[in-house]
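What follows is the content of query-v4.tsv (TSV, N, CA, C and O atoms).
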chain	number	residue	atom	x	y	z
Y	1	TYR	N	89.02	105.39	95.80
Y	1	TYR	CA	89.96	104.62	96.58
Y	1	TYR	C	89.37	104.24	97.93
Y	1	TYR	O	89.65	103.17	98.45
Y	2	TYR	N	88.56	105.08	98.50
Y	2	TYR	CA	87.93	104.75	99.79
Y	2	TYR	C	87.12	103.46	99.68
Y	2	TYR	O	87.19	102.60	100.54
Y	3	ILE	N	86.36	103.34	98.61
Y	3	ILE	CA	85.53	102.14	98.42
Y	3	ILE	C	86.43	100.91	98.30
Y	3	ILE	O	86.15	99.87	98.89
Y	4	ILE	N	87.52	101.05	97.58
Y	4	ILE	CA	88.44	99.93	97.43
Y	4	ILE	C	88.97	99.50	98.79
Y	4	ILE	O	88.93	98.32	99.15
Y	5	SER	N	89.47	100.43	99.57
Y	5	SER	CA	90.07	100.08	100.85
Y	5	SER	C	89.02	99.51	101.80
Y	5	SER	O	89.31	98.63	102.60
Y	6	HIS	N	87.79	99.98	101.68
Y	6	HIS	CA	86.71	99.47	102.52
Y	6	HIS	C	86.35	98.03	102.13
Y	6	HIS	O	86.16	97.18	102.99
Y	7	GLU	N	86.27	97.75	100.85
Y	7	GLU	CA	85.86	96.42	100.39
Y	7	GLU	C	86.97	95.38	100.50
Y	7	GLU	O	86.68	94.19	100.58
Y	8	LEU	N	88.22	95.79	100.50
Y	8	LEU	CA	89.31	94.82	100.58
Y	8	LEU	C	89.41	94.17	101.96
Y	8	LEU	O	90.23	93.30	102.17
Y	9	ARG	N	88.56	94.55	102.88
Y	9	ARG	CA	88.56	93.88	104.18
Y	9	ARG	C	88.00	92.46	104.05
Y	9	ARG	O	88.19	91.64	104.93
Y	10	TYR	N	87.30	92.17	102.95
Y	10	TYR	CA	86.77	90.83	102.70
Y	10	TYR	C	87.82	90.00	101.98
Y	10	TYR	O	88.45	90.46	101.04
Y	11	ASP	N	87.97	88.74	102.39
Y	11	ASP	CA	89.01	87.88	101.83
Y	11	ASP	C	88.83	87.57	100.36
Y	11	ASP	O	89.78	87.21	99.68
Y	12	ASN	N	87.61	87.67	99.85
Y	12	ASN	CA	87.36	87.29	98.46
Y	12	ASN	C	87.31	88.49	97.51
Y	12	ASN	O	86.85	88.35	96.38
Y	13	VAL	N	87.80	89.64	97.93
Y	13	VAL	CA	87.78	90.83	97.08
Y	13	VAL	C	89.20	91.19	96.69
Y	13	VAL	O	90.10	91.28	97.53
Y	14	TYR	N	89.40	91.36	95.39
Y	14	TYR	CA	90.70	91.75	94.84
Y	14	TYR	C	90.50	93.04	94.06
Y	14	TYR	O	89.39	93.35	93.62
Y	15	PHE	N	91.57	93.76	93.83
Y	15	PHE	CA	91.50	95.00	93.06
Y	15	PHE	C	92.31	94.87	91.79
Y	15	PHE	O	93.50	94.57	91.82
Y	16	ASP	N	91.65	95.11	90.67
Y	16	ASP	CA	92.25	95.02	89.34
Y	16	ASP	C	92.87	96.37	88.98
Y	16	ASP	O	92.20	97.40	89.07
Y	17	LEU	N	94.11	96.36	88.58
Y	17	LEU	CA	94.84	97.59	88.25
Y	17	LEU	C	94.76	97.93	86.77
Y	17	LEU	O	95.68	98.50	86.22
Y	18	SER	N	93.66	97.63	86.11
Y	18	SER	CA	93.59	97.75	84.66
Y	18	SER	C	93.54	99.18	84.14
Y	18	SER	O	93.88	99.40	82.99
Y	19	ALA	N	93.13	100.14	84.90
Y	19	ALA	CA	93.00	101.52	84.41
Y	19	ALA	C	93.90	102.44	85.23
Y	19	ALA	O	93.47	103.04	86.21
Y	20	PRO	N	95.18	102.58	84.85
Y	20	PRO	CA	96.11	103.36	85.66
Y	20	PRO	C	95.71	104.83	85.83
Y	20	PRO	O	96.04	105.42	86.84
Y	21	PHE	N	94.98	105.37	84.88
Y	21	PHE	CA	94.58	106.78	84.98
Y	21	PHE	C	93.51	107.00	86.05
Y	21	PHE	O	93.27	108.12	86.48
Y	22	MET	N	92.88	105.93	86.53
Y	22	MET	CA	91.83	106.06	87.55
Y	22	MET	C	92.38	105.90	88.97
Y	22	MET	O	91.66	106.16	89.93
Y	23	LEU	N	93.61	105.44	89.10
Y	23	LEU	CA	94.20	105.22	90.41
Y	23	LEU	C	95.57	105.90	90.45
Y	23	LEU	O	96.54	105.38	89.90
Y	24	PRO	N	95.65	107.06	91.10
Y	24	PRO	CA	96.94	107.74	91.19
Y	24	PRO	C	97.99	106.83	91.84
Y	24	PRO	O	97.67	105.99	92.68
Y	25	PHE	N	99.24	107.03	91.46
Y	25	PHE	CA	100.31	106.18	91.97
Y	25	PHE	C	100.39	106.22	93.49
Y	25	PHE	O	100.65	105.20	94.13
Y	26	LEU	N	100.15	107.37	94.10
Y	26	LEU	CA	100.20	107.45	95.57
Y	26	LEU	C	99.15	106.54	96.21
Y	26	LEU	O	99.41	105.92	97.26
Y	27	ASP	N	97.98	106.44	95.61
Y	27	ASP	CA	96.96	105.52	96.13
Y	27	ASP	C	97.36	104.07	95.91
Y	27	ASP	O	97.11	103.21	96.76
Y	28	LEU	N	97.99	103.79	94.79
Y	28	LEU	CA	98.49	102.44	94.53
Y	28	LEU	C	99.56	102.07	95.56
Y	28	LEU	O	99.56	100.97	96.11
Y	29	GLU	N	100.44	103.02	95.87
Y	29	GLU	CA	101.46	102.79	96.90
Y	29	GLU	C	100.82	102.51	98.26
Y	29	GLU	O	101.26	101.63	99.00
Y	30	ASP	N	99.79	103.26	98.57
Y	30	ASP	CA	99.09	103.06	99.83
Y	30	ASP	C	98.46	101.68	99.88
Y	30	ASP	O	98.57	100.96	100.88
Y	31	ALA	N	97.80	101.28	98.81
Y	31	ALA	CA	97.18	99.95	98.75
Y	31	ALA	C	98.23	98.86	98.89
Y	31	ALA	O	98.04	97.89	99.62
Y	32	ALA	N	99.36	99.02	98.21
Y	32	ALA	CA	100.43	98.03	98.30
Y	32	ALA	C	101.01	98.00	99.71
Y	32	ALA	O	101.36	96.93	100.22
Y	33	GLY	N	101.07	99.14	100.37
Y	33	GLY	CA	101.56	99.18	101.74
Y	33	GLY	C	100.62	98.49	102.71
Y	33	GLY	O	101.04	97.86	103.67
Y	34	ARG	N	99.32	98.59	102.45
Y	34	ARG	CA	98.32	97.97	103.34
Y	34	ARG	C	98.18	96.47	103.11
Y	34	ARG	O	98.06	95.70	104.04
Y	35	TRP	N	98.13	96.06	101.84
Y	35	TRP	CA	97.82	94.66	101.52
Y	35	TRP	C	98.96	93.94	100.81
Y	35	TRP	O	98.81	92.77	100.46
Y	36	GLY	N	100.06	94.61	100.58
Y	36	GLY	CA	101.14	93.98	99.82
Y	36	GLY	C	100.63	93.58	98.45
Y	36	GLY	O	99.77	94.24	97.88
Y	37	GLY	N	101.13	92.50	97.93
Y	37	GLY	CA	100.67	92.03	96.63
Y	37	GLY	C	99.51	91.07	96.74
Y	37	GLY	O	99.05	90.53	95.74
Y	38	ASN	N	99.02	90.85	97.94
Y	38	ASN	CA	98.02	89.80	98.18
Y	38	ASN	C	96.65	90.08	97.58
Y	38	ASN	O	95.89	89.15	97.35
Y	39	ARG	N	96.27	91.31	97.35
Y	39	ARG	CA	94.90	91.61	96.93
Y	39	ARG	C	94.84	92.40	95.63
Y	39	ARG	O	93.79	92.88	95.24
Y	40	LEU	N	95.97	92.54	94.95
Y	40	LEU	CA	96.04	93.33	93.73
Y	40	LEU	C	96.25	92.42	92.53
Y	40	LEU	O	96.94	91.40	92.62
Y	41	LEU	N	95.66	92.79	91.40
Y	41	LEU	CA	95.75	92.01	90.16
Y	41	LEU	C	96.20	92.90	89.01
Y	41	LEU	O	95.68	94.00	88.83
Y	42	LEU	N	97.15	92.42	88.24
Y	42	LEU	CA	97.54	93.13	87.03
Y	42	LEU	C	96.39	93.06	86.04
Y	42	LEU	O	95.79	92.01	85.83
Y	43	GLY	N	96.08	94.18	85.42
Y	43	GLY	CA	95.05	94.22	84.40
Y	43	GLY	C	95.49	95.12	83.26
Y	43	GLY	O	96.43	95.89	83.40
Y	44	SER	N	94.79	95.02	82.13
Y	44	SER	CA	95.19	95.82	80.96
Y	44	SER	C	94.04	96.63	80.37
Y	44	SER	O	94.29	97.56	79.63
Y	45	ASP	N	92.81	96.26	80.65
Y	45	ASP	CA	91.64	96.90	80.06
Y	45	ASP	C	91.65	96.80	78.54
Y	45	ASP	O	91.11	97.62	77.83
Y	46	THR	N	92.30	95.76	78.02
Y	46	THR	CA	92.40	95.54	76.59
Y	46	THR	C	91.03	95.17	76.03
Y	46	THR	O	90.31	94.44	76.68
Y	47	PRO	N	90.63	95.66	74.91
Y	47	PRO	CA	91.38	96.45	73.93
Y	47	PRO	C	91.21	97.95	74.13
Y	47	PRO	O	91.66	98.73	73.29
Y	48	TYR	N	90.60	98.39	75.20
Y	48	TYR	CA	90.28	99.81	75.37
Y	48	TYR	C	91.41	100.64	75.95
Y	48	TYR	O	91.56	101.80	75.62
Y	49	GLY	N	92.20	100.06	76.82
Y	49	GLY	CA	93.27	100.81	77.47
Y	49	GLY	C	94.56	100.78	76.67
Y	49	GLY	O	95.27	99.79	76.67
Y	50	LYS	N	94.84	101.86	75.99
Y	50	LYS	CA	96.05	101.90	75.15
Y	50	LYS	C	97.29	101.90	76.03
Y	50	LYS	O	97.48	102.79	76.84
Y	51	ASN	N	98.12	100.87	75.86
Y	51	ASN	CA	99.37	100.71	76.59
Y	51	ASN	C	99.20	100.55	78.10
Y	51	ASN	O	100.14	100.75	78.87
Y	52	ASN	N	98.00	100.21	78.55
Y	52	ASN	CA	97.78	100.06	79.99
Y	52	ASN	C	98.63	98.95	80.60
Y	52	ASN	O	99.10	99.08	81.73
Y	53	LEU	N	98.81	97.86	79.88
Y	53	LEU	CA	99.61	96.77	80.42
Y	53	LEU	C	101.04	97.23	80.70
Y	53	LEU	O	101.58	97.00	81.78
Y	54	GLN	N	101.64	97.92	79.75
Y	54	GLN	CA	102.99	98.43	79.93
Y	54	GLN	C	103.04	99.47	81.05
Y	54	GLN	O	103.95	99.47	81.88
Y	55	ARG	N	102.05	100.34	81.10
Y	55	ARG	CA	102.00	101.36	82.17
Y	55	ARG	C	101.89	100.71	83.53
Y	55	ARG	O	102.57	101.13	84.47
Y	56	ASN	N	101.03	99.71	83.64
Y	56	ASN	CA	100.85	99.06	84.93
Y	56	ASN	C	102.09	98.29	85.36
Y	56	ASN	O	102.43	98.28	86.54
Y	57	ARG	N	102.75	97.65	84.42
Y	57	ARG	CA	104.00	96.94	84.77
Y	57	ARG	C	105.03	97.92	85.31
Y	57	ARG	O	105.70	97.64	86.30
Y	58	LYS	N	105.15	99.08	84.69
Y	58	LYS	CA	106.09	100.10	85.17
Y	58	LYS	C	105.70	100.58	86.56
Y	58	LYS	O	106.55	100.77	87.43
Y	59	ARG	N	104.41	100.78	86.79
Y	59	ARG	CA	103.93	101.24	88.11
Y	59	ARG	C	104.19	100.17	89.18
Y	59	ARG	O	104.62	100.49	90.28
Y	60	ILE	N	103.94	98.93	88.85
Y	60	ILE	CA	104.17	97.85	89.81
Y	60	ILE	C	105.66	97.74	90.14
Y	60	ILE	O	106.03	97.57	91.30
Y	61	GLU	N	106.51	97.87	89.15
Y	61	GLU	CA	107.95	97.79	89.39
Y	61	GLU	C	108.45	98.93	90.27
Y	61	GLU	O	109.44	98.78	90.97
Y	62	ARG	N	107.77	100.06	90.27
Y	62	ARG	CA	108.16	101.19	91.12
Y	62	ARG	C	107.76	100.99	92.58
Y	62	ARG	O	108.27	101.70	93.46
Y	63	LEU	N	106.86	100.06	92.86
Y	63	LEU	CA	106.41	99.84	94.23
Y	63	LEU	C	107.52	99.23	95.09
Y	63	LEU	O	108.35	98.48	94.60
Y	64	SER	N	107.48	99.57	96.36
Y	64	SER	CA	108.47	99.02	97.32
Y	64	SER	C	107.99	97.67	97.82
Y	64	SER	O	107.68	97.51	99.00
Y	65	LEU	N	107.90	96.71	96.91
Y	65	LEU	CA	107.48	95.36	97.24
Y	65	LEU	C	108.56	94.38	96.82
Y	65	LEU	O	109.32	94.67	95.88
Y	66	SER	N	108.58	93.24	97.46
Y	66	SER	CA	109.54	92.20	97.07
Y	66	SER	C	109.13	91.61	95.72
Y	66	SER	O	108.00	91.80	95.25
Y	67	ARG	N	110.04	90.88	95.12
Y	67	ARG	CA	109.74	90.21	93.85
Y	67	ARG	C	108.59	89.24	94.05
Y	67	ARG	O	107.72	89.12	93.20
Y	68	LEU	N	108.54	88.55	95.18
Y	68	LEU	CA	107.45	87.62	95.48
Y	68	LEU	C	106.10	88.34	95.49
Y	68	LEU	O	105.12	87.86	94.91
Y	69	GLU	N	106.04	89.50	96.13
Y	69	GLU	CA	104.80	90.27	96.18
Y	69	GLU	C	104.40	90.74	94.78
Y	69	GLU	O	103.22	90.72	94.42
Y	70	LYS	N	105.35	91.17	94.01
Y	70	LYS	CA	105.06	91.62	92.64
Y	70	LYS	C	104.58	90.45	91.78
Y	70	LYS	O	103.66	90.61	90.97
Y	71	ASP	N	105.17	89.28	91.99
Y	71	ASP	CA	104.73	88.10	91.24
Y	71	ASP	C	103.30	87.72	91.59
Y	71	ASP	O	102.55	87.22	90.73
Y	72	LYS	N	102.89	87.98	92.82
Y	72	LYS	CA	101.49	87.76	93.18
Y	72	LYS	C	100.58	88.65	92.34
Y	72	LYS	O	99.55	88.21	91.83
Y	73	ILE	N	100.96	89.91	92.20
Y	73	ILE	CA	100.16	90.85	91.40
Y	73	ILE	C	100.14	90.43	89.93
Y	73	ILE	O	99.10	90.45	89.29
Y	74	TYR	N	101.30	90.03	89.42
Y	74	TYR	CA	101.40	89.67	88.00
Y	74	TYR	C	100.61	88.42	87.64
Y	74	TYR	O	99.99	88.37	86.58
Y	75	SER	N	100.62	87.40	88.51
Y	75	SER	CA	99.96	86.16	88.09
Y	75	SER	C	99.45	85.28	89.22
Y	75	SER	O	98.41	84.64	89.07
Y	76	GLN	N	100.15	85.21	90.32
Y	76	GLN	CA	99.81	84.22	91.34
Y	76	GLN	C	98.44	84.44	91.97
Y	76	GLN	O	97.74	83.47	92.29
Y	77	ASN	N	98.03	85.69	92.17
Y	77	ASN	CA	96.70	85.94	92.73
Y	77	ASN	C	95.61	85.43	91.79
Y	77	ASN	O	94.63	84.84	92.22
Y	78	PHE	N	95.80	85.66	90.50
Y	78	PHE	CA	94.82	85.21	89.53
Y	78	PHE	C	94.77	83.68	89.48
Y	78	PHE	O	93.70	83.08	89.44
Y	79	GLU	N	95.94	83.06	89.54
Y	79	GLU	CA	95.99	81.59	89.58
Y	79	GLU	C	95.26	81.06	90.81
Y	79	GLU	O	94.55	80.06	90.74
Y	80	HIS	N	95.42	81.75	91.93
Y	80	HIS	CA	94.73	81.35	93.16
Y	80	HIS	C	93.21	81.46	92.98
Y	80	HIS	O	92.47	80.55	93.36
Y	81	ILE	N	92.75	82.54	92.40
Y	81	ILE	CA	91.32	82.73	92.17
Y	81	ILE	C	90.77	81.61	91.29
Y	81	ILE	O	89.70	81.04	91.56
Y	82	LEU	N	91.50	81.25	90.25
Y	82	LEU	CA	91.04	80.19	89.35
Y	82	LEU	C	91.02	78.83	90.01
Y	82	LEU	O	90.25	77.97	89.62
Y	83	SER	N	91.81	78.65	91.05
Y	83	SER	CA	91.86	77.35	91.72
Y	83	SER	C	90.81	77.21	92.81
Y	83	SER	O	90.63	76.11	93.34
Y	84	LEU	N	90.10	78.27	93.16
Y	84	LEU	CA	89.09	78.20	94.21
Y	84	LEU	C	87.91	77.35	93.77
Y	84	LEU	O	87.51	77.37	92.60
Y	85	ARG	N	87.36	76.62	94.69
Y	85	ARG	CA	86.18	75.80	94.38
Y	85	ARG	C	84.93	76.58	94.77
Y	85	ARG	O	84.86	77.20	95.82
Y	86	LEU	N	83.94	76.50	93.92
Y	86	LEU	CA	82.67	77.14	94.22
Y	86	LEU	C	81.87	76.27	95.19
Y	86	LEU	O	81.94	75.04	95.15
Y	87	PRO	N	81.12	76.92	96.07
Y	87	PRO	CA	80.27	76.12	96.99
Y	87	PRO	C	79.21	75.36	96.21
Y	87	PRO	O	78.76	75.81	95.15
Y	88	PRO	N	78.80	74.18	96.69
Y	88	PRO	CA	77.78	73.42	95.97
Y	88	PRO	C	76.45	74.17	95.89
Y	88	PRO	O	76.10	74.90	96.79
Y	89	GLY	N	75.75	73.90	94.78
Y	89	GLY	CA	74.38	74.33	94.63
Y	89	GLY	C	74.11	75.70	94.32
Y	89	GLY	O	73.18	76.30	94.20

Could you show the structure in this file as structure tokens?
Amino acid sequence: YYIISHELRYDNVYFDLSAPFMLPFLDLEDAAGRWGGNRLLLGSDTPYGKNNLQRNRKRIERLSLSRLEKDKIYSQNFEHILSLRLPPG
């Protein structure tokens, strides 16, 4: 978690929540408190993570974030990443 919090200081770094067993809920709460939904991405680790998508949805719903912030985690952050233009060359 230290590495995550250190690297999220860069605007182009996001954290994927695909492996719930690797990030305790208290650390997820801390990350959500620091960055809101702006830097977190829903992930599933499919096909390797059994039921990870459902687990992560439940964990995200437990966070003290607004619906807008949760929607960023669910899809809007990923949509933003896909819309970014790469620098030329």

Could you build a table of the residues in stretch 22-43 of chain Y lying no more than 6 Å from stretch 52-70 of chain Y, giving for each the nearest pair of atoms and their separation in Å rounded to one decimal place, using only N, CA, C and O atoms, ordered by chain and ascending residue number, as a tab-separated table?
residue	atom	partner	partner_atom	distance
Y:Gly36	C	Y:Glu69	O	5.6
Y:Gly37	CA	Y:Glu69	O	3.6
Y:Asn38	N	Y:Glu69	O	5.5
Y:Gly43	O	Y:Leu53	CA	4.4

Can you tell me which residues surround Y:Ser75 at a distance of at most 7 Å, considering all atoms listed in the file, apart from same-chain residues fewer than 5 positions away, and format the answer as number ranges by chain? Y: 40-42, 70, 80-81

Those selected residues, please, written with N, CA, C and O atoms and delivered as a PDB file, in the coordinates of the input.
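Wrote it out as again-v8.pdb, contents follow:
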ATOM      1  N   LEU Y  40      95.970  92.540  94.950  1.00  0.00           N
ATOM      2  CA  LEU Y  40      96.040  93.330  93.730  1.00  0.00           C
ATOM      3  C   LEU Y  40      96.250  92.420  92.530  1.00  0.00           C
ATOM      4  O   LEU Y  40      96.940  91.400  92.620  1.00  0.00           O
ATOM      5  N   LEU Y  41      95.660  92.790  91.400  1.00  0.00           N
ATOM      6  CA  LEU Y  41      95.750  92.010  90.160  1.00  0.00           C
ATOM      7  C   LEU Y  41      96.200  92.900  89.010  1.00  0.00           C
ATOM      8  O   LEU Y  41      95.680  94.000  88.830  1.00  0.00           O
ATOM      9  N   LEU Y  42      97.150  92.420  88.240  1.00  0.00           N
ATOM     10  CA  LEU Y  42      97.540  93.130  87.030  1.00  0.00           C
ATOM     11  C   LEU Y  42      96.390  93.060  86.040  1.00  0.00           C
ATOM     12  O   LEU Y  42      95.790  92.010  85.830  1.00  0.00           O
ATOM     13  N   LYS Y  70     105.350  91.170  94.010  1.00  0.00           N
ATOM     14  CA  LYS Y  70     105.060  91.620  92.640  1.00  0.00           C
ATOM     15  C   LYS Y  70     104.580  90.450  91.780  1.00  0.00           C
ATOM     16  O   LYS Y  70     103.660  90.610  90.970  1.00  0.00           O
ATOM     17  N   HIS Y  80      95.420  81.750  91.930  1.00  0.00           N
ATOM     18  CA  HIS Y  80      94.730  81.350  93.160  1.00  0.00           C
ATOM     19  C   HIS Y  80      93.210  81.460  92.980  1.00  0.00           C
ATOM     20  O   HIS Y  80      92.470  80.550  93.360  1.00  0.00           O
ATOM     21  N   ILE Y  81      92.750  82.540  92.400  1.00  0.00           N
ATOM     22  CA  ILE Y  81      91.320  82.730  92.170  1.00  0.00           C
ATOM     23  C   ILE Y  81      90.770  81.610  91.290  1.00  0.00           C
ATOM     24  O   ILE Y  81      89.700  81.040  91.560  1.00  0.00           O
TER      25      ILE Y  81
END

Output as an MDAnalysis selection string all residues of stretch 7-87 of chain Y that backbone DSSP marks as helix (DSSP H, G or I). chainID Y and resid 7 20:22 25:35 52:62 67:83

Using DSSP on the backbone, list every residue of chain Y that comes out as strand (DSSP E), and give them as a list in words.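 Residues of chain Y classed as strand (DSSP E): Phe15, Asp16, Leu40 and Leu41 of chain Y.
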
For atom CA of Y:Pro47 and atom CA of Y:Leu17, determine how far apart the two atoms are, in Å to one decimal place.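 Separation between atom CA of Y:Pro47 and atom CA of Y:Leu17: 14.8 Å.
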
Could you jot down the atom C of Y:Arg34 to atom N of Y:Thr46 separation for me, Å, one decimal place?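 Computed distance, atom C of Y:Arg34 to atom N of Y:Thr46, equals 25.8 Å.
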
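Across Y:Arg9, Y:Ala19, Y:Asp71, Y:Gln76, the tightest approach to Y:Asp45 is made by Y:Ala19 when counting only N, CA, C and O atoms.
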
Specify the axis-aligned box that encloses all atoms of stretch 64-80 of chain Y listed in the file after padding of 8 Å on each side, stating its centre and edge lengths in Å to one decimal as AutoDock Vina command-line options.
--center_x 101.3 --center_y 89.8 --center_z 92.8 --size_x 33.6 --size_y 35.5 --size_z 28.4

Would you compute the distance between atom CA of Y:Glu79 and atom O of Y:Trp35? Give it in Å to one decimal. 15.9 Å

Pick from Y:Phe15, Y:Phe25, Y:Ile73, Y:Asn51, whichever lies nearest to Y:Arg39 using all atoms listed in the file: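 So, comparing all the options, the nearest one is Y:Phe15.
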
So which residues fall inside 8 Å of (86.8, 85.7, 93.9) if we count only C-alpha atoms? Mind giving them as a ChimeraX atom specification? /Y:12-14,81,84

Prev. selection, N, CA, C and O atoms, output as a compact mmCIF listing (two decimals), keeping the file's coordinate frame:
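Saved file result02.txt follows:
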# COMPACT_ATOMS: atom_id res chain seq x y z
N ASN Y 12 87.61 87.67 99.85
CA ASN Y 12 87.36 87.29 98.46
C ASN Y 12 87.31 88.49 97.51
O ASN Y 12 86.85 88.35 96.38
N VAL Y 13 87.80 89.64 97.93
CA VAL Y 13 87.78 90.83 97.08
C VAL Y 13 89.20 91.19 96.69
O VAL Y 13 90.10 91.28 97.53
N TYR Y 14 89.40 91.36 95.39
CA TYR Y 14 90.70 91.75 94.84
C TYR Y 14 90.50 93.04 94.06
O TYR Y 14 89.39 93.35 93.62
N ILE Y 81 92.75 82.54 92.40
CA ILE Y 81 91.32 82.73 92.17
C ILE Y 81 90.77 81.61 91.29
O ILE Y 81 89.70 81.04 91.56
N LEU Y 84 90.10 78.27 93.16
CA LEU Y 84 89.09 78.20 94.21
C LEU Y 84 87.91 77.35 93.77
O LEU Y 84 87.51 77.37 92.60
